[in-house]
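Q: Can you keep this structure in mind? I'll have questions shortly.
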Amino acid sequence: MSDEDDLDDIEPDQDDLEKEEDDKEMDEWDDYRKEGEEVSEEWMPTPLTEAMMKEGLSLLCKTGSGLAHAYIKLEAKDRDLTDINLLRSYIHLRYVDISENHLTDLSPLNSLTHLLWLKADGNQLRSARLNELPYLQIASFSYNQITDTEGIFHPRLGSLDLKGNRILQVTGLDPERLTSLHTLELRGNQIESTLGINLPKLKNLFLAQNMIKELKGLENLSNLTTLHLRDNQIETLDGFSKEMKSLQYLNLRSNMIADLGELAKLRDLPKLRALVMLDNPCADETDYRQEALVQIAHLERLDKEFFEDEDRAEAEEIRQRMKEEQEQDQDPDHDMEPYQPPL
């Protein structure tokens with residue numbers, strides 16, 4: 001195995017995309033948040049030991065020189081760890097799972113310059129800051145106490161998971177350094193603005209369960225295919241542009257969009273195929289589905305239902321009638337009385 005071998009792409013399939021629509025997932029997040037608020041005890045110091053390392057190490061591989069062997073995978077999950085300083089000497093590790101502990105400091109990982117995959121979920125981290133790790137491709141810091149997105153600049157990082165933290169705004173994500181990032185998970189934070197996510201290579205962006213009121217700074221995400229914005233406070237659909245030419249799936253469930261006319265602002269998204277608008281005020285309108293298809297002719301699915309051929313035919317008729325009426329309104333001779341010659 002080479003340090004530079006790419007890990008499998010982890011772009012979600014449609015089933016994964018629908019997971020966020022399940023109420024069960026929302027309940028789990030609420031339970032986690034309540035649990036975090038209730039637990040405030042001090043943990044007994046528990047450092048990582050050689051005995052724990054012996055139990056958790058696996059996957060024996062050749063080292064970079066090819067002249068020796070070393071274990072490259074460590075699972076040290078749910079060990080009540082407060083200290084991982086011992087990892088500084090295990091420089092050949094490539095896969096590390098230290099989730100569900102009580103860690104507040106990840107600096108020992110700075111020595112693991114061959115690291116490809118890191119899972120540090122469910123700790124007490126306040127930051128995901130690390131030195132640049134040249135081969136790191138997947139990193140997960142979900143369900144910690146992280147308050148910002150600073151100090152993340154690994155050039156091969158493809159997937160970054162920061163869901164369930166306390167992030168208020170996105171800062172420090174440098175598109176010049178995060179040149180491989182295709183999936184960003186920020187669900188369940190306290191983010192109020194989408195500014196700071198100017199990452200042109202991004203394909204999947206998950207921003208559900210935040211406090212977002214309007215969309216800004218996403219206009220140039222030309223590779224974005226999936227955008228999740230469920231459970232925010234969005235009232236209008238400003239912020240989309242024709243530059244978002246790859247967007248196929250848009251989830252706006254449980255926002256505050258009341259005016260069906262807002263759907264016209266999605267018309268310039270050429271590849272939009274699936275739109276979720278359930279639990280918005282506009283979804284209660286009697287002509288909700290019809291209006292969506294009239295405004296977005298290439299839409300294939302609204303919420304959980306696909307459009308039928310007869311839906312498309314009816315929508316096309318309405319579009320034609322609207323076009324004719326518009327042309328008549330623009331015709332300066334329309335509705336003028338015929339010229340009567342003088343007697």
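Order determines the names: the first chain of the structure tokens is A, the second B, and so forth; residues in each chain are numbered 1 upward, and ligands are numbered 1 upward as they are shown.
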Can you list every residue of range 216-243 of chain A that has an atom at most 8 Å from range 267-278 of chain A, with its nearest atom pair and the distance in Å to one decimal, using only C-alpha atoms, ordered by chain then number, as JSON lines?
A:
```
{"residue": "A:Phe240", "atom": "CA", "partner": "A:Leu269", "partner_atom": "CA", "distance": 7.8}
{"residue": "A:Ser241", "atom": "CA", "partner": "A:Asp268", "partner_atom": "CA", "distance": 6.5}
{"residue": "A:Lys242", "atom": "CA", "partner": "A:Asp268", "partner_atom": "CA", "distance": 5.0}
```
Q: Taking all heavy atoms for each residue, export the selection above as a compact mmCIF listing (two decimals), in the first residue's frame.
A:
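Just written: part_38.txt:
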```txt
# COMPACT_ATOMS: atom_id res chain seq x y z
N PHE A 240 -28.82 31.47 -5.32
CA PHE A 240 -28.50 30.45 -6.32
C PHE A 240 -28.14 31.14 -7.63
O PHE A 240 -28.61 32.23 -7.92
CB PHE A 240 -29.69 29.52 -6.54
CG PHE A 240 -30.00 28.64 -5.35
CD1 PHE A 240 -30.95 29.03 -4.42
CD2 PHE A 240 -29.32 27.45 -5.16
CE1 PHE A 240 -31.23 28.24 -3.32
CE2 PHE A 240 -29.60 26.65 -4.06
CZ PHE A 240 -30.55 27.05 -3.14
N SER A 241 -27.31 30.48 -8.44
CA SER A 241 -26.91 31.10 -9.71
C SER A 241 -26.69 30.03 -10.76
O SER A 241 -26.53 28.84 -10.44
CB SER A 241 -25.63 31.91 -9.54
OG SER A 241 -24.49 31.06 -9.54
N LYS A 242 -26.67 30.45 -12.02
CA LYS A 242 -26.44 29.52 -13.12
C LYS A 242 -25.04 28.92 -13.08
O LYS A 242 -24.78 27.91 -13.75
CB LYS A 242 -26.69 30.21 -14.46
CG LYS A 242 -25.79 31.39 -14.73
CD LYS A 242 -26.16 32.06 -16.05
CE LYS A 242 -25.27 33.28 -16.32
NZ LYS A 242 -25.66 33.96 -17.57
```
Q: List the spatial neighbours of Thr225 in chain A as an MDAnalysis selection string - criterion: any atom at most 10 Å away, only C-alpha atoms, same-chain residues fewer than 6 positions off excluded.
A: chainID A and resid 182 202:205 244:250 271:272
Q: Under the rule that only C-alpha atoms are counted, which of A:Leu186, A:Leu115, A:Cys61, A:Ala315 is the nearest residue to Ile146 in chain A?
A: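 Smallest distance to Ile146 in chain A is found for A:Leu186.
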Q: Could you pull the residues within 10 Å of Asp78 in chain A, counting only C-alpha atoms, minus those fewer than 4 positions along the same chain, as a list in words?
A: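 Everything that qualifies: Asp97, Ile98, Ser99, Glu100, Asn101, His102, Gly122 and Asn123 of chain A.
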Q: Would you mind exporting the chosen residues as a tab-separated table (two decimals), in the first residue's frame, restricted to N, CA, C and O atoms?
A:
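File selection13.tsv, as written:
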```tsv
chain	number	residue	atom	x	y	z
A	97	ASP	N	-8.62	5.47	14.75
A	97	ASP	CA	-9.94	5.71	15.31
A	97	ASP	C	-9.78	5.93	16.82
A	97	ASP	O	-9.50	4.99	17.56
A	98	ILE	N	-9.96	7.19	17.25
A	98	ILE	CA	-9.87	7.53	18.68
A	98	ILE	C	-11.19	8.16	19.13
A	98	ILE	O	-11.22	9.01	20.02
A	99	SER	N	-12.27	7.73	18.53
A	99	SER	CA	-13.58	8.31	18.83
A	99	SER	C	-14.11	7.82	20.18
A	99	SER	O	-13.65	6.81	20.73
A	100	GLU	N	-15.09	8.58	20.70
A	100	GLU	CA	-15.78	8.25	21.95
A	100	GLU	C	-14.82	8.12	23.13
A	100	GLU	O	-14.88	7.16	23.90
A	101	ASN	N	-13.96	9.09	23.26
A	101	ASN	CA	-13.09	9.21	24.42
A	101	ASN	C	-13.34	10.57	25.06
A	101	ASN	O	-14.40	11.16	24.87
A	102	HIS	N	-12.36	11.08	25.82
A	102	HIS	CA	-12.51	12.39	26.47
A	102	HIS	C	-11.35	13.30	26.11
A	102	HIS	O	-10.85	14.07	26.94
A	122	GLY	N	-17.00	12.33	19.01
A	122	GLY	CA	-17.46	12.11	20.38
A	122	GLY	C	-16.39	12.29	21.44
A	122	GLY	O	-16.33	11.52	22.41
A	123	ASN	N	-15.56	13.32	21.30
A	123	ASN	CA	-14.58	13.66	22.33
A	123	ASN	C	-14.96	15.01	22.94
A	123	ASN	O	-16.11	15.43	22.87
```
Q: Given the choices A:Glu185, A:Asp174, A:Asp161, A:Asp238, which gets closest to Leu263 in chain A if the distance is worked out from only C-alpha atoms?
A: A:Asp238
Q: So, with only C-alpha atoms as the atoms that count, which of A:Leu103, A:Ala70, A:Leu157, A:Ala313 lies closest to Met44 in chain A?
A: A:Leu103
Q: I need the residue nearest Lys216 in chain A from this list: A:Ala258, A:Leu136, A:Leu195, A:Ile234. Use only C-alpha atoms for the distance.
A: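 Residue with the minimum atom-to-atom distance to Lys216 in chain A: A:Leu195.
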Q: Give the strand (DSSP E) residues of range 59-93 of chain A, as DSSP finds them on the backbone, and put them as a list in words.
A: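 Here is the list: Leu59, Leu60, Cys61, Lys62, His69, Ala70, Tyr71, Ile72, Lys73, Leu74 and Glu75 of chain A.
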Q: For Gln209 in chain A, list every protein, DNA or RNA residue within 6 Å, evaluated using only C-alpha atoms, and leave out those in the same chain fewer than 4 positions away; present the list as a list in words.
A: Arg187, Gly188, Asp231 and Asn232 of chain A
Q: Once you have the residues from the selection above, write them out as a tab-separated table (two decimals), in the first residue's frame, restricted to N, CA and C atoms.
A:
```tsv
chain	number	residue	atom	x	y	z
A	187	ARG	N	-23.66	19.67	9.55
A	187	ARG	CA	-25.01	19.58	10.12
A	187	ARG	C	-24.98	19.74	11.64
A	188	GLY	N	-26.05	20.32	12.20
A	188	GLY	CA	-26.20	20.35	13.65
A	188	GLY	C	-25.21	21.25	14.36
A	231	ASP	N	-34.10	22.14	7.94
A	231	ASP	CA	-34.17	22.64	9.33
A	231	ASP	C	-33.29	23.86	9.56
A	232	ASN	N	-33.50	24.87	8.73
A	232	ASN	CA	-32.88	26.17	8.94
A	232	ASN	C	-33.98	27.22	9.01
```
